[in-house]
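Some notes on the structure that comes next.
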Amino acid sequence: MPPLPGAERVRSAVRLYRYLLRCCRRLPEGSVRQHYRHAIRQSFKVHADEDDPERIQQIIKRAIEDADWVMNKYEKQKRKDEDKKDTVHQNILRCYAGASLLLHFR
């Protein structure tokens with residue numbers, strides 16, 4: 001599954017660049033987002049002189065696959081962090097419930 005809708009319409013380097021930067025908006029703010037934005041810019045500079053259409057399409061395909069991997073990685077991490085927060089919240093509620101029962105039956 002592509003990280004953002006519209007991956008199937010990416011056919012040019014400019015569209016790929018815009019698509020990847022939009023993907024970055026969904027990453028955690030701060031150093032992670034800056035890292036991937038910098039990596040995208042550097043990759044475009046490295047491949048700026050590429051003129052073989054077949055090779056360009058290979059690069060586009062690989063970049064979208066890589067973006068998918070990165071987005072899934074951070075999505076899993078986000079879910080894991082949310083699950084931890086839910087568990088902590090549930091434990092706190094249990095403690096309060098236990099404390100209120102003790103006070104009630106005193």
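In the structure tokens, chains take letters A, B, ... by order of appearance, with residues numbered from 1 within each chain and ligands from 1 in the order shown.
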If we count only C-alpha atoms and set the cut-off at 12 Å, which residues sit around Leu27 in chain A, ignoring sequence neighbours fewer than 5 positions away in its own chain? Please answer as a PDB file with N, CA, C and O atoms, in the first residue's frame.
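That gives us around_18.pdb:
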```pdb
ATOM      1  N   PRO A   3       2.248   5.012   0.690  1.00  0.00           N
ATOM      2  CA  PRO A   3       2.099   5.816   1.892  1.00  0.00           C
ATOM      3  C   PRO A   3       1.059   6.924   1.776  1.00  0.00           C
ATOM      4  O   PRO A   3       0.440   7.297   2.740  1.00  0.00           O
ATOM      5  N   LEU A  20       7.120  12.941  -2.250  1.00  0.00           N
ATOM      6  CA  LEU A  20       7.951  12.541  -1.116  1.00  0.00           C
ATOM      7  C   LEU A  20       7.949  13.603  -0.016  1.00  0.00           C
ATOM      8  O   LEU A  20       7.931  13.271   1.175  1.00  0.00           O
ATOM      9  N   LEU A  21       7.956  14.873  -0.408  1.00  0.00           N
ATOM     10  CA  LEU A  21       7.892  15.926   0.608  1.00  0.00           C
ATOM     11  C   LEU A  21       6.546  15.912   1.334  1.00  0.00           C
ATOM     12  O   LEU A  21       6.481  16.182   2.536  1.00  0.00           O
ATOM     13  N   ARG A  22       5.472  15.574   0.615  1.00  0.00           N
ATOM     14  CA  ARG A  22       4.166  15.436   1.279  1.00  0.00           C
ATOM     15  C   ARG A  22       4.187  14.268   2.265  1.00  0.00           C
ATOM     16  O   ARG A  22       3.586  14.338   3.336  1.00  0.00           O
ATOM     17  N   VAL A  32      13.563  13.758  12.826  1.00  0.00           N
ATOM     18  CA  VAL A  32      13.192  12.686  11.885  1.00  0.00           C
ATOM     19  C   VAL A  32      12.736  13.289  10.564  1.00  0.00           C
ATOM     20  O   VAL A  32      13.203  12.897   9.491  1.00  0.00           O
ATOM     21  N   ARG A  33      11.845  14.245  10.644  1.00  0.00           N
ATOM     22  CA  ARG A  33      11.321  14.895   9.439  1.00  0.00           C
ATOM     23  C   ARG A  33      12.439  15.618   8.686  1.00  0.00           C
ATOM     24  O   ARG A  33      12.541  15.513   7.461  1.00  0.00           O
ATOM     25  N   GLN A  34      13.292  16.315   9.413  1.00  0.00           N
ATOM     26  CA  GLN A  34      14.414  17.022   8.787  1.00  0.00           C
ATOM     27  C   GLN A  34      15.362  16.058   8.100  1.00  0.00           C
ATOM     28  O   GLN A  34      15.849  16.332   6.998  1.00  0.00           O
ATOM     29  N   HIS A  35      15.617  14.919   8.736  1.00  0.00           N
ATOM     30  CA  HIS A  35      16.516  13.921   8.151  1.00  0.00           C
ATOM     31  C   HIS A  35      16.002  13.445   6.793  1.00  0.00           C
ATOM     32  O   HIS A  35      16.744  13.410   5.811  1.00  0.00           O
ATOM     33  N   TYR A  36      14.737  13.070   6.735  1.00  0.00           N
ATOM     34  CA  TYR A  36      14.189  12.548   5.481  1.00  0.00           C
ATOM     35  C   TYR A  36      14.051  13.637   4.417  1.00  0.00           C
ATOM     36  O   TYR A  36      14.266  13.371   3.234  1.00  0.00           O
ATOM     37  N   ARG A  37      13.732  14.845   4.811  1.00  0.00           N
ATOM     38  CA  ARG A  37      13.686  15.940   3.829  1.00  0.00           C
ATOM     39  C   ARG A  37      15.072  16.170   3.225  1.00  0.00           C
ATOM     40  O   ARG A  37      15.214  16.346   2.020  1.00  0.00           O
ATOM     41  N   ALA A  67       9.635   5.030   0.497  1.00  0.00           N
ATOM     42  CA  ALA A  67       8.746   5.914   1.262  1.00  0.00           C
ATOM     43  C   ALA A  67       7.683   5.091   1.985  1.00  0.00           C
ATOM     44  O   ALA A  67       7.366   5.362   3.152  1.00  0.00           O
ATOM     45  N   ASP A  68       7.169   4.083   1.318  1.00  0.00           N
ATOM     46  CA  ASP A  68       6.183   3.193   1.919  1.00  0.00           C
ATOM     47  C   ASP A  68       6.772   2.511   3.155  1.00  0.00           C
ATOM     48  O   ASP A  68       6.146   2.457   4.213  1.00  0.00           O
ATOM     49  N   VAL A  70       9.303   3.517   5.045  1.00  0.00           N
ATOM     50  CA  VAL A  70       9.526   4.507   6.110  1.00  0.00           C
ATOM     51  C   VAL A  70       8.206   4.865   6.785  1.00  0.00           C
ATOM     52  O   VAL A  70       8.117   4.914   8.018  1.00  0.00           O
ATOM     53  N   MET A  71       7.177   5.109   5.987  1.00  0.00           N
ATOM     54  CA  MET A  71       5.888   5.492   6.557  1.00  0.00           C
ATOM     55  C   MET A  71       5.323   4.359   7.422  1.00  0.00           C
ATOM     56  O   MET A  71       4.800   4.609   8.509  1.00  0.00           O
ATOM     57  N   ASN A  72       5.444   3.120   6.961  1.00  0.00           N
ATOM     58  CA  ASN A  72       4.965   1.985   7.750  1.00  0.00           C
ATOM     59  C   ASN A  72       5.754   1.846   9.046  1.00  0.00           C
ATOM     60  O   ASN A  72       5.193   1.534  10.090  1.00  0.00           O
ATOM     61  N   LYS A  73       7.055   2.076   8.977  1.00  0.00           N
ATOM     62  CA  LYS A  73       7.907   1.997  10.164  1.00  0.00           C
ATOM     63  C   LYS A  73       7.431   2.964  11.237  1.00  0.00           C
ATOM     64  O   LYS A  73       7.257   2.587  12.399  1.00  0.00           O
ATOM     65  N   TYR A  74       7.210   4.209  10.858  1.00  0.00           N
ATOM     66  CA  TYR A  74       6.785   5.205  11.843  1.00  0.00           C
ATOM     67  C   TYR A  74       5.334   5.034  12.238  1.00  0.00           C
ATOM     68  O   TYR A  74       4.952   5.388  13.351  1.00  0.00           O
ATOM     69  N   GLU A  75       4.520   4.485  11.369  1.00  0.00           N
ATOM     70  CA  GLU A  75       3.124   4.210  11.715  1.00  0.00           C
ATOM     71  C   GLU A  75       3.064   3.106  12.776  1.00  0.00           C
ATOM     72  O   GLU A  75       2.303   3.204  13.745  1.00  0.00           O
ATOM     73  N   LYS A  76       3.880   2.057  12.617  1.00  0.00           N
ATOM     74  CA  LYS A  76       3.932   0.990  13.618  1.00  0.00           C
ATOM     75  C   LYS A  76       4.446   1.522  14.945  1.00  0.00           C
ATOM     76  O   LYS A  76       3.931   1.177  16.005  1.00  0.00           O
ATOM     77  N   GLN A  77       5.463   2.357  14.893  1.00  0.00           N
ATOM     78  CA  GLN A  77       6.022   2.941  16.109  1.00  0.00           C
ATOM     79  C   GLN A  77       4.972   3.804  16.810  1.00  0.00           C
ATOM     80  O   GLN A  77       4.836   3.758  18.036  1.00  0.00           O
ATOM     81  N   LYS A  78       4.220   4.556  16.031  1.00  0.00           N
ATOM     82  CA  LYS A  78       3.176   5.415  16.588  1.00  0.00           C
ATOM     83  C   LYS A  78       2.104   4.570  17.286  1.00  0.00           C
ATOM     84  O   LYS A  78       1.684   4.880  18.397  1.00  0.00           O
TER      85      LYS A  78
END
```
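Taking CA of Arg11 in chain A as the reference point, CA of Arg55 in chain A is found at 12.1 Å.
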Check your understanding: For the atom pair CA of Ile40 in chain A and CA of Cys23 in chain A, what is the interatomic distance in Å to one decimal place?
Key ->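 A separation of 10.8 Å between them.
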